[in-house]
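See below for run39.cif, which holds mmCIF, C-alpha atoms.
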data_input
#
loop_
_atom_site.label_atom_id
_atom_site.label_comp_id
_atom_site.auth_asym_id
_atom_site.auth_seq_id
_atom_site.Cartn_x
_atom_site.Cartn_y
_atom_site.Cartn_z
CA MET A 1 0.00 0.00 0.00
CA GLU A 2 1.33 3.45 -0.83
CA THR A 3 1.28 5.89 2.03
CA GLY A 4 0.66 8.98 -0.08
CA LEU A 5 3.20 10.78 2.10
CA GLU A 6 6.11 10.94 -0.37
CA LYS A 7 7.66 14.30 -0.99
CA ASN A 8 6.20 15.67 -4.19
CA HIS A 9 7.97 18.64 -5.71
CA HIS A 10 5.42 18.89 -8.51
CA GLY A 11 2.34 19.36 -6.30
CA GLY A 12 -0.32 17.05 -7.74
CA GLY A 13 -2.83 15.02 -5.84
CA ARG A 14 -0.90 13.44 -2.96
CA LEU A 15 -2.10 14.14 0.57
CA LYS A 16 0.34 15.51 3.14
CA ARG A 17 -0.01 14.77 6.84
CA LEU A 18 0.31 17.79 9.10
CA ARG A 19 1.48 18.23 12.69
CA CYS A 20 -0.47 21.16 14.10
CA SER A 21 -0.14 23.76 16.85
CA VAL A 22 -2.13 24.39 20.03
CA GLN A 23 -2.94 27.59 21.97
CA ASN A 24 -3.33 27.42 25.76
CA TYR A 25 -5.35 30.62 26.27
CA ASP A 26 -6.87 30.80 29.75
CA TRP A 27 -10.50 30.67 28.53
CA GLY A 28 -9.95 27.18 27.10
CA LYS A 29 -11.27 23.93 28.57
CA LYS A 30 -8.71 22.03 30.60
CA GLY A 31 -7.60 18.61 29.39
CA THR A 32 -9.31 17.18 32.49
CA GLU A 33 -12.59 18.91 31.51
CA GLY A 34 -12.99 17.08 28.21
CA SER A 35 -11.29 19.64 25.95
CA GLU A 36 -11.75 18.52 22.34
CA VAL A 37 -8.64 20.56 21.51
CA ALA A 38 -6.54 18.64 24.07
CA ARG A 39 -7.80 15.29 22.71
CA LEU A 40 -7.05 16.19 19.07
CA TYR A 41 -3.65 17.72 19.87
CA GLU A 42 -2.58 14.66 21.84
CA LEU A 43 -3.58 12.38 18.96
CA ASN A 44 -2.11 14.64 16.27
CA SER A 45 1.24 15.26 17.97
CA GLY A 46 1.70 11.80 19.43
CA SER A 47 2.56 13.50 22.74
CA ASP A 48 1.47 12.20 26.11
CA LEU A 49 -0.29 15.17 27.72
CA GLU A 50 -0.97 13.45 31.05
CA LEU A 51 1.22 15.93 32.97
CA GLU A 52 -0.29 18.91 31.14
CA LYS A 53 -3.97 17.98 31.42
CA LYS A 54 -4.60 20.68 34.05
CA LYS A 55 -3.66 23.38 31.53
CA PRO A 56 -6.36 24.98 29.37
CA PHE A 57 -6.36 23.77 25.76
CA ALA A 58 -8.21 26.50 23.86
CA GLU A 59 -7.42 26.35 20.13
CA PHE A 60 -6.02 23.77 17.69
CA TRP A 61 -4.62 25.60 14.62
CA MET A 62 -4.35 24.08 11.13
CA GLY A 63 -2.69 26.32 8.56
CA THR A 64 0.23 28.62 7.85
CA HIS A 65 -0.24 31.53 10.30
CA GLY A 66 3.04 32.36 12.04
CA SER A 67 1.44 32.41 15.52
CA GLY A 68 0.57 28.70 15.26
CA PRO A 69 2.07 27.07 12.15
CA SER A 70 1.50 23.53 10.90
CA PHE A 71 4.35 21.27 9.77
CA VAL A 72 4.46 18.76 6.92
CA VAL A 73 5.31 15.23 8.06
CA GLU A 74 7.53 13.77 5.35
CA SER A 75 7.57 10.10 4.36
CA GLY A 76 9.39 7.89 6.80
CA VAL A 77 8.09 9.85 9.79
CA GLU A 78 5.70 7.52 11.54
CA ASN A 79 2.54 8.54 13.36
CA GLY A 80 3.45 9.36 16.91
CA ASP A 81 6.88 10.86 16.21
CA SER A 82 7.16 14.41 17.41
CA ILE A 83 8.09 17.20 15.02
CA GLY A 84 11.77 16.84 14.32
CA SER A 85 14.30 18.97 12.52
CA GLY A 86 13.35 17.18 9.29
CA SER A 87 9.84 18.64 9.33
CA MET A 88 9.13 21.59 7.08
CA GLY A 89 6.61 24.31 7.89
CA LEU A 90 3.51 24.08 5.70
CA LYS A 91 4.05 27.70 4.62
CA GLU A 92 7.62 26.93 3.53
CA TRP A 93 6.49 23.73 1.75
CA ILE A 94 3.82 25.68 -0.18
CA LEU A 95 6.44 28.29 -1.17
CA LYS A 96 8.49 25.44 -2.67
CA ASN A 97 5.41 23.84 -4.30
CA PRO A 98 3.19 26.82 -5.26
CA ASN A 99 1.15 24.88 -7.82
CA VAL A 100 -0.52 22.94 -4.96
CA LEU A 101 -2.65 26.09 -4.45
CA GLY A 102 -4.04 26.24 -8.01
CA ASP A 103 -3.74 29.22 -10.37
CA GLY A 104 -6.83 31.09 -9.14
CA VAL A 105 -5.69 31.08 -5.50
CA LEU A 106 -2.10 32.00 -6.44
CA ASP A 107 -3.30 34.95 -8.54
CA LYS A 108 -5.64 36.28 -5.85
CA TRP A 109 -3.76 35.64 -2.59
CA GLY A 110 -0.19 34.86 -3.56
CA CYS A 111 1.82 31.90 -2.31
CA ASP A 112 -0.04 31.20 0.93
CA LEU A 113 -3.23 29.62 2.23
CA PRO A 114 -5.96 32.31 2.39
CA PHE A 115 -7.74 30.54 5.27
CA LEU A 116 -6.93 29.39 8.81
CA PHE A 117 -8.74 26.31 10.18
CA LYS A 118 -9.23 25.78 13.95
CA VAL A 119 -10.98 23.78 16.64
CA LEU A 120 -12.01 25.75 19.77
CA SER A 121 -12.83 24.39 23.25
CA VAL A 122 -14.40 27.23 25.24
CA ALA A 123 -14.81 26.94 29.03
CA LYS A 124 -15.44 30.60 29.77
CA ALA A 125 -16.27 33.67 27.71
CA LEU A 126 -13.79 35.12 25.23
CA SER A 127 -13.47 38.88 25.10
CA ILE A 128 -16.12 41.08 23.50
CA GLN A 129 -14.29 41.78 20.29
CA ALA A 130 -14.44 42.59 16.61
CA HIS A 131 -12.07 42.04 13.71
CA PRO A 132 -11.11 44.95 11.45
CA ASP A 133 -11.86 45.17 7.73
CA LYS A 134 -8.91 45.29 5.32
CA GLU A 135 -8.60 49.08 5.30
CA LEU A 136 -8.60 49.39 9.09
CA ALA A 137 -6.31 46.36 9.47
CA LYS A 138 -3.68 48.07 7.30
CA VAL A 139 -3.89 51.26 9.42
CA LEU A 140 -3.80 49.41 12.78
CA HIS A 141 -0.89 47.20 11.69
CA LYS A 142 1.09 50.25 10.55
CA LEU A 143 0.39 52.26 13.74
CA GLN A 144 0.61 49.43 16.31
CA PRO A 145 2.41 46.41 14.76
CA ASN A 146 3.05 44.84 18.18
CA ARG A 147 -0.67 44.69 18.95
CA TYR A 148 -2.05 44.13 15.41
CA LYS A 149 0.40 41.68 13.89
CA ASP A 150 -0.84 41.52 10.28
CA ASP A 151 -2.66 43.75 7.80
CA ASN A 152 -5.44 41.34 6.80
CA HIS A 153 -9.14 41.28 7.62
CA LYS A 154 -10.56 38.35 9.59
CA PRO A 155 -14.10 37.34 8.63
CA GLU A 156 -14.85 34.04 10.36
CA MET A 157 -17.37 31.24 10.81
CA ALA A 158 -18.03 29.01 13.83
CA LEU A 159 -19.59 25.57 13.25
CA ALA A 160 -20.85 23.93 16.45
CA ILE A 161 -19.53 20.48 17.37
CA THR A 162 -21.37 20.49 20.72
CA GLU A 163 -24.07 22.94 21.79
CA PHE A 164 -22.32 26.27 21.42
CA GLU A 165 -23.17 29.69 22.90
CA ALA A 166 -22.12 33.15 21.72
CA LEU A 167 -22.95 36.84 21.89
CA CYS A 168 -23.16 38.22 18.38
CA GLY A 169 -24.28 41.54 16.86
CA PHE A 170 -26.60 44.15 18.35
CA ILE A 171 -30.19 43.42 19.41
CA SER A 172 -32.93 45.37 17.59
CA ILE A 173 -33.78 48.90 18.72
CA GLY A 174 -37.16 47.60 19.94
CA GLU A 175 -35.39 45.09 22.20
CA LEU A 176 -32.90 47.72 23.35
CA LYS A 177 -35.74 50.01 24.46
CA GLY A 178 -37.00 47.12 26.60
CA VAL A 179 -33.51 46.69 28.10
CA LEU A 180 -33.32 50.39 29.03
CA ARG A 181 -36.73 50.16 30.73
CA ASP A 182 -35.85 46.92 32.58
CA VAL A 183 -32.18 47.48 33.51
CA PRO A 184 -31.82 50.78 35.41
CA GLU A 185 -28.11 50.16 35.93
CA ILE A 186 -27.51 50.66 32.19
CA VAL A 187 -29.30 54.04 32.28
CA GLU A 188 -26.99 55.04 35.14
CA LEU A 189 -23.95 54.17 33.02
CA VAL A 190 -25.02 55.73 29.70
CA GLY A 191 -26.85 58.70 31.24
CA SER A 192 -30.53 59.58 30.96
CA ALA A 193 -29.95 61.88 27.93
CA GLU A 194 -28.43 59.02 25.88
CA ALA A 195 -31.11 56.60 27.10
CA ASN A 196 -33.88 59.02 26.06
CA GLN A 197 -32.35 59.35 22.58
CA VAL A 198 -32.76 55.57 22.17
CA LEU A 199 -36.28 55.54 23.65
CA GLN A 200 -37.40 58.29 21.23
CA ILE A 201 -36.31 56.46 18.06
CA HIS A 202 -39.17 55.39 15.77
CA GLU A 203 -39.29 52.35 13.49
CA GLN A 204 -39.46 54.62 10.43
CA ASP A 205 -36.38 56.68 11.37
CA HIS A 206 -33.52 56.66 8.87
CA GLU A 207 -31.09 53.73 9.37
CA GLU A 208 -28.11 56.06 9.78
CA LYS A 209 -29.88 57.99 12.56
CA VAL A 210 -30.63 54.73 14.40
CA LYS A 211 -27.00 53.59 14.07
CA SER A 212 -25.74 56.98 15.27
CA VAL A 213 -27.89 56.83 18.43
CA LEU A 214 -26.85 53.22 19.10
CA ARG A 215 -23.14 54.09 18.54
CA SER A 216 -23.39 56.99 20.97
CA ALA A 217 -25.10 54.94 23.72
CA PHE A 218 -22.77 51.93 23.34
CA THR A 219 -19.64 54.13 23.32
CA GLN A 220 -20.87 55.90 26.46
CA LEU A 221 -21.44 52.53 28.16
CA MET A 222 -18.05 51.06 27.20
CA SER A 223 -16.24 54.26 28.25
CA ALA A 224 -17.64 54.29 31.81
CA SER A 225 -14.97 54.50 34.53
CA GLN A 226 -13.93 51.37 36.42
CA GLU A 227 -15.36 52.74 39.68
CA ILE A 228 -18.82 53.56 38.26
CA THR A 229 -18.87 50.23 36.37
CA ALA A 230 -18.07 48.21 39.52
CA GLU A 231 -20.80 50.02 41.46
CA ALA A 232 -23.41 49.48 38.71
CA ILE A 233 -22.57 45.76 38.44
CA SER A 234 -22.78 45.37 42.22
CA LYS A 235 -26.27 46.96 42.18
CA LEU A 236 -27.30 44.76 39.23
CA LYS A 237 -26.19 41.60 41.05
CA SER A 238 -28.07 42.51 44.24
CA ARG A 239 -31.24 43.42 42.33
CA LEU A 240 -31.25 40.23 40.22
CA TYR A 241 -30.58 38.10 43.31
CA MET A 242 -33.61 39.66 45.08
CA GLU A 243 -35.83 39.37 41.99
CA SER A 244 -34.84 35.73 41.43
CA LYS A 245 -36.73 34.91 44.66
CA ILE A 246 -40.02 36.06 43.17
CA ARG A 247 -39.60 35.42 39.42
CA GLN A 248 -37.66 33.30 36.93
CA LEU A 249 -34.69 35.29 35.61
CA THR A 250 -34.45 35.57 31.82
CA GLY A 251 -31.77 33.67 29.91
CA LYS A 252 -29.84 36.90 29.34
CA GLU A 253 -30.01 37.83 33.06
CA GLN A 254 -28.71 34.38 34.04
CA LEU A 255 -25.92 34.75 31.48
CA VAL A 256 -24.94 38.17 32.85
CA LEU A 257 -24.62 36.73 36.38
CA GLN A 258 -22.48 33.89 35.00
CA LEU A 259 -20.23 36.37 33.13
CA GLU A 260 -19.85 38.44 36.33
CA LYS A 261 -18.44 35.37 38.12
CA GLN A 262 -15.91 34.92 35.31
CA TYR A 263 -14.99 38.62 34.94
CA PRO A 264 -15.99 40.55 38.09
CA ALA A 265 -16.64 44.30 37.69
CA ASP A 266 -15.96 44.13 33.92
CA ILE A 267 -17.96 46.44 31.63
CA GLY A 268 -18.38 43.48 29.25
CA VAL A 269 -20.82 41.96 31.78
CA ILE A 270 -23.31 44.80 31.28
CA SER A 271 -22.63 45.28 27.56
CA ALA A 272 -23.95 41.73 27.03
CA PHE A 273 -27.45 43.26 27.34
CA PHE A 274 -26.82 45.09 24.03
CA LEU A 275 -25.93 41.91 22.10
CA ASN A 276 -27.85 38.89 20.75
CA TYR A 277 -27.52 35.72 22.85
CA VAL A 278 -27.14 32.90 20.30
CA LYS A 279 -27.30 29.16 21.01
CA LEU A 280 -26.18 26.83 18.21
CA ASN A 281 -26.95 23.12 18.06
CA SER A 282 -24.32 20.70 16.75
CA GLY A 283 -24.14 21.16 12.97
CA GLU A 284 -25.33 24.79 12.99
CA ALA A 285 -22.98 27.64 12.06
CA LEU A 286 -22.66 31.37 12.56
CA TYR A 287 -20.61 33.70 10.38
CA LEU A 288 -19.12 37.01 11.48
CA GLY A 289 -18.16 39.77 9.08
CA ALA A 290 -15.58 42.46 9.78
CA ASN A 291 -16.47 45.09 12.41
CA GLU A 292 -19.23 43.01 14.07
CA PRO A 293 -19.12 42.65 17.89
CA HIS A 294 -19.11 39.11 19.28
CA ALA A 295 -17.92 36.90 22.11
CA TYR A 296 -17.91 33.10 22.19
CA LEU A 297 -19.25 31.91 25.55
CA TYR A 298 -19.16 28.12 25.89
CA GLY A 299 -18.79 24.87 23.94
CA ASP A 300 -16.67 23.27 21.21
CA CYS A 301 -16.66 24.40 17.60
CA ILE A 302 -14.87 24.21 14.30
CA GLU A 303 -13.76 27.69 13.24
CA CYS A 304 -12.54 28.93 9.88
CA MET A 305 -11.40 32.43 8.95
CA ALA A 306 -9.22 34.50 6.67
CA THR A 307 -5.56 34.09 7.65
CA SER A 308 -5.25 36.77 10.32
CA ASP A 309 -5.03 37.09 14.09
CA ASN A 310 -6.21 40.71 14.40
CA VAL A 311 -8.53 41.26 17.36
CA VAL A 312 -9.82 44.54 18.80
CA ARG A 313 -10.99 43.87 22.40
CA ALA A 314 -13.16 45.91 24.74
CA GLY A 315 -14.59 43.75 27.53
CA LEU A 316 -14.59 40.35 29.31
CA THR A 317 -10.82 40.19 29.19
CA PRO A 318 -7.70 40.73 31.30
CA LYS A 319 -5.88 41.57 28.04
CA LEU A 320 -5.20 45.00 26.60
CA ARG A 321 -8.39 46.81 25.53
CA ASP A 322 -8.87 49.28 22.71
CA ILE A 323 -12.35 50.64 23.50
CA GLN A 324 -12.03 53.73 21.33
CA THR A 325 -11.06 51.72 18.22
CA LEU A 326 -13.75 49.10 18.83
CA CYS A 327 -16.60 51.59 19.35
CA SER A 328 -15.63 53.62 16.27
CA MET A 329 -15.14 50.61 13.93
CA LEU A 330 -18.42 48.70 14.52
CA THR A 331 -21.14 48.68 11.83
CA TYR A 332 -23.97 48.98 14.41
CA LYS A 333 -26.23 46.75 12.31
CA GLN A 334 -29.07 45.42 14.47
CA GLY A 335 -31.03 42.18 14.50
CA PHE A 336 -30.51 38.47 15.09
CA PRO A 337 -27.70 36.89 13.04
CA GLU A 338 -28.32 34.34 10.29
CA ILE A 339 -27.81 30.74 11.42
CA LEU A 340 -26.37 28.50 8.69
CA LYS A 341 -27.56 24.90 8.68
CA GLY A 342 -25.52 24.06 5.58
CA PHE A 343 -26.79 22.31 2.46
CA PRO A 344 -26.26 18.70 1.35
CA LEU A 345 -23.43 18.32 -1.15
CA SER A 346 -24.05 14.55 -1.20
CA PRO A 347 -25.81 12.11 1.16
CA TYR A 348 -22.99 12.30 3.73
CA ILE A 349 -21.46 15.76 3.18
CA THR A 350 -22.93 19.11 4.30
CA ARG A 351 -21.41 22.35 3.03
CA TYR A 352 -21.36 25.69 4.88
CA LEU A 353 -20.84 28.65 2.54
CA PRO A 354 -20.28 32.03 4.20
CA PRO A 355 -20.33 35.23 2.08
CA PHE A 356 -16.51 35.46 2.03
CA ASP A 357 -14.12 34.35 -0.75
CA GLU A 358 -11.43 32.95 1.53
CA PHE A 359 -13.15 29.85 2.92
CA GLU A 360 -15.94 27.29 3.17
CA VAL A 361 -16.32 24.26 5.45
CA ASP A 362 -17.64 20.74 4.69
CA ARG A 363 -18.86 18.39 7.43
CA CYS A 364 -18.80 14.69 6.50
CA ILE A 365 -20.52 12.13 8.76
CA LEU A 366 -19.83 8.75 7.18
CA PRO A 367 -21.61 5.70 8.65
CA ARG A 368 -19.93 2.33 9.05
CA GLY A 369 -19.21 0.62 5.73
CA ALA A 370 -20.10 3.70 3.65
CA SER A 371 -17.95 5.66 1.19
CA THR A 372 -18.14 9.09 -0.43
CA VAL A 373 -16.16 11.33 -2.79
CA PHE A 374 -14.92 14.91 -2.39
CA PRO A 375 -14.81 16.12 -6.02
CA ALA A 376 -11.65 17.75 -7.37
CA ILE A 377 -11.66 21.53 -6.89
CA PRO A 378 -9.23 24.17 -8.23
CA GLY A 379 -7.95 25.12 -4.75
CA PRO A 380 -6.27 23.54 -1.70
CA SER A 381 -8.06 21.86 1.24
CA ILE A 382 -7.25 20.84 4.80
CA PHE A 383 -9.01 17.77 6.24
CA LEU A 384 -9.43 16.99 9.96
CA VAL A 385 -10.43 13.54 11.19
CA MET A 386 -12.51 14.28 14.30
CA VAL A 387 -13.95 10.84 15.08
CA GLY A 388 -13.30 7.28 13.87
CA ASP A 389 -10.92 5.94 11.24
CA GLY A 390 -10.98 5.05 7.56
CA ALA A 391 -9.13 5.44 4.27
CA MET A 392 -8.63 8.44 2.00
CA CYS A 393 -7.61 7.72 -1.60
CA THR A 394 -6.40 10.11 -4.24
CA GLY A 395 -5.04 8.94 -7.60
CA SER A 396 -2.86 5.89 -6.94
CA SER A 397 -2.18 6.66 -3.27
CA LYS A 398 -4.12 5.54 -0.22
CA ASP A 399 -3.86 6.86 3.34
CA VAL A 400 -5.17 5.09 6.40
CA VAL A 401 -6.50 7.90 8.60
CA MET A 402 -7.62 8.05 12.22
CA GLU A 403 -8.81 10.53 14.87
CA GLY A 404 -6.51 13.52 15.19
CA ASP A 405 -5.07 13.21 11.67
CA VAL A 406 -4.86 16.43 9.66
CA LEU A 407 -4.14 16.27 5.93
CA PHE A 408 -3.37 18.87 3.29
CA ALA A 409 -4.88 18.15 -0.15
CA PRO A 410 -3.45 20.00 -3.17
CA ALA A 411 -5.69 21.67 -5.75
CA ASN A 412 -7.38 19.39 -8.30
CA SER A 413 -7.34 16.30 -6.04
CA GLU A 414 -10.39 14.04 -6.15
CA ILE A 415 -10.55 12.25 -2.81
CA SER A 416 -12.59 9.16 -2.05
CA VAL A 417 -13.22 8.31 1.61
CA SER A 418 -14.34 5.01 3.14
CA THR A 419 -14.69 3.67 6.67
CA THR A 420 -15.25 0.46 8.57
CA SER A 421 -16.24 2.47 11.68
CA GLU A 422 -18.16 5.76 11.77
CA LEU A 423 -16.01 8.61 10.44
CA HIS A 424 -16.47 12.33 11.23
CA LEU A 425 -14.39 14.44 8.85
CA TYR A 426 -14.21 18.23 8.42
CA ARG A 427 -12.76 20.00 5.39
CA ALA A 428 -11.77 23.65 4.97
CA GLY A 429 -11.13 25.07 1.52
CA VAL A 430 -11.42 28.24 -0.55
CA ASN A 431 -15.06 29.27 -1.10
CA SER A 432 -16.39 27.47 -4.20
CA ARG A 433 -18.24 30.66 -5.23
CA PHE A 434 -14.82 32.25 -5.76
CA PHE A 435 -13.98 29.65 -8.42
CA GLN A 436 -17.38 30.16 -10.10
CA THR A 437 -16.61 33.90 -10.50
CA LEU A 438 -13.31 32.98 -12.20
CA ARG A 439 -15.21 31.09 -14.89
CA TRP A 440 -17.26 34.09 -15.96
#
Please render this file's structure as structure tokens.
Amino acid sequence: METGLEKNHHGGGRLKRLRCSVQNYDWGKKGTEGSEVARLYELNSGSDLELEKKKPFAEFWMGTHGSGPSFVVESGVENGDSIGSGSMGLKEWILKNPNVLGDGVLDKWGCDLPFLFKVLSVAKALSIQAHPDKELAKVLHKLQPNRYKDDNHKPEMALAITEFEALCGFISIGELKGVLRDVPEIVELVGSAEANQVLQIHEQDHEEKVKSVLRSAFTQLMSASQEITAEAISKLKSRLYMESKIRQLTGKEQLVLQLEKQYPADIGVISAFFLNYVKLNSGEALYLGANEPHAYLYGDCIECMATSDNVVRAGLTPKLRDIQTLCSMLTYKQGFPEILKGFPLSPYITRYLPPFDEFEVDRCILPRGASTVFPAIPGPSIFLVMVGDGAMCTGSSKDVVMEGDVLFAPANSEISVSTTSELHLYRAGVNSRFFQTLRW
């Protein structure tokens, strides 16, 4: 049997196994808490993490980004060997084999992967944040290169593996009026003049006027001093505790109390009232454009994004905040976000297509004894084996794959997959709509 792991200077259809990187951010699930990231990293790296299981394992990165690069495992390196000096970074390998990207990708993005593929295991809330668009990213990178490490935008999509919770985008003005009537502590923080501006908005008012009023109120809230914020949160806690004795607290109120335990006296706790509380079931996805506020709260997900690590933070974080940049960059669109349920590409494969050129994600759930085909496409792909084992064939080569394996597939590779167990496979690739536009 061929392994399909031979070095191939001409690109072509052979799969390349990857050793991938992990991030131990403090919001991640600990290895002892069932972190999906810890499980996959242990399997992928061949390392024994027993001594490290008490650490948080937050993100598993698959791609070429310098903050968490993947390495190509060359032939002769068996599963379980750690990355040695013979391993080449995926970015370097692509530079030496540019045709693996396909002409369309090379022309548009140069000699690099335009997407970054991740798994996240979230134990406590990430910061309230947004990612800049390309124009702003260039400015921020130029002015503060230590904080904003690249000049790219970072649209992204989260696909739930387990039930997954997030704050995402602003609630409607109608809902916000209700919040101002029901949460006096917010009125204290934004001031009665700002609150009245919101309460006086009409449905028929011009969209720009509505956004301007929302921007003003949110900026006022996020700019409140630490002392006033701590006092308002203390009052909010006491009031909700008293009210919980005589009524059922709303889901958002319960969430706010939970966030306060994670980040005491943080303005992000109260700003959660301004944002949509989204709960995804396994197999549902959420996409986030540039300049949209969001915070992942709990659960495990697959994440895909443009290759960037630019984050502007403003709450629920011990890290450096940039409140002024965040409040000025947001779009202030209102309303509940679109939930993607994907569409069937074939009986076993569901595709999730966000409105961004850089990426799409396929979810393949293959029952025992079944097989399926990923058709050849003109761009590169990364495959992650999440559950089970099986075989992936391309051309004359065949790879036996198992949980934790990550494989790079060059452009124009048709890949057939089979399993004798149940196989859960995820694929990230360039958005197929991008290739359709090239044909016209």
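Reported to one decimal place, the separation of CA of Thr317 (chain A) from CA of Glu338 (chain A) is 26.4 Å.
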Selection: 6 Å around His131 (chain A), all atoms listed in the file, excl. self and same-chain fewer than 5 positions, as a PyMOL selection string: chain A and resi 154+290-291+311
Next, the residues of the selection above should be written as a PDB file, in the coordinates of the input with C-alpha atoms.
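Contents of part-v4.pdb, as written:
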ATOM      1  CA  LYS A 154     -10.560  38.350   9.590  1.00  0.00           C
ATOM      2  CA  ALA A 290     -15.580  42.460   9.780  1.00  0.00           C
ATOM      3  CA  ASN A 291     -16.470  45.090  12.410  1.00  0.00           C
ATOM      4  CA  VAL A 311      -8.530  41.260  17.360  1.00  0.00           C
TER       5      VAL A 311
END
Spatial neighbours of region 332-335 of chain A, 10 Å, all atoms listed in the file, chain gap at least 6 places, as a list in words: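 Counting only the stated atoms, we get Cys168, Gly169, Phe170, Ile171, Ser172, Ile173, Gly174, Glu175, Leu176, Glu207, Glu208, Val210, Lys211, Ser212, Val213, Leu214, Arg215, Phe218, Phe274, Leu275, Asn276, Asn291, Glu292 and Pro293 of chain A.
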Pairwise distance for CA of Tyr148 (chain A) and CA of Asn310 (chain A), rounded to one decimal in Å: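 Computing the Euclidean distance for CA of Tyr148 (chain A) and CA of Asn310 (chain A) yields 5.5 Å.
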Nearby residues (all atoms listed in the file) at most 8 Å from region 407-419 of chain A, same-chain spacing under 3 positions excluded, as a VMD selection string: chain A and resid 11 to 18 99 to 102 366 to 384 389 to 395 422 to 423
Dig up all the protein and nucleic acid residues within 9 Å of (-24.5, 20.6, 5.1) in the file frame, using all atoms listed in the file, and format them as a CSV table (one decimal) with C-alpha atoms, in the coordinates of the input.
chain,number,residue,atom,x,y,z
A,283,GLY,CA,-24.1,21.2,13.0
A,284,GLU,CA,-25.3,24.8,13.0
A,340,LEU,CA,-26.4,28.5,8.7
A,341,LYS,CA,-27.6,24.9,8.7
A,342,GLY,CA,-25.5,24.1,5.6
A,343,PHE,CA,-26.8,22.3,2.5
A,344,PRO,CA,-26.3,18.7,1.4
A,345,LEU,CA,-23.4,18.3,-1.2
A,346,SER,CA,-24.0,14.6,-1.2
A,348,TYR,CA,-23.0,12.3,3.7
A,349,ILE,CA,-21.5,15.8,3.2
A,350,THR,CA,-22.9,19.1,4.3
A,351,ARG,CA,-21.4,22.4,3.0
A,352,TYR,CA,-21.4,25.7,4.9
A,361,VAL,CA,-16.3,24.3,5.4
A,362,ASP,CA,-17.6,20.7,4.7
A,363,ARG,CA,-18.9,18.4,7.4
A,364,CYS,CA,-18.8,14.7,6.5
Neighbours of point (-15.4, 38.6, 30.7) within 10 Å, using only C-alpha atoms, written as a ChimeraX atom specification: /A:27,124-128,256,258-269,272,295,297,314-318
If we count only C-alpha atoms and set the cut-off at 7 Å, which residues sit around Thr307 (chain A), ignoring sequence neighbours fewer than 6 positions away in its own chain? Please answer as a compact mmCIF listing (two decimals) with C-alpha atoms, keeping the file's coordinate frame.
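Result file out16.txt:
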# COMPACT_ATOMS: atom_id res chain seq x y z
CA HIS A 65 -0.24 31.53 10.30
CA PRO A 114 -5.96 32.31 2.39
CA PHE A 115 -7.74 30.54 5.27
CA LEU A 116 -6.93 29.39 8.81
CA LYS A 154 -10.56 38.35 9.59
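Once the PyMOL selection byres ((chain A and resi 60) around 6) is applied to the shown structure, the selection contains A:Ser21, A:Val22, A:Val37, A:Glu59, A:Trp61, A:Lys118, A:Val119.
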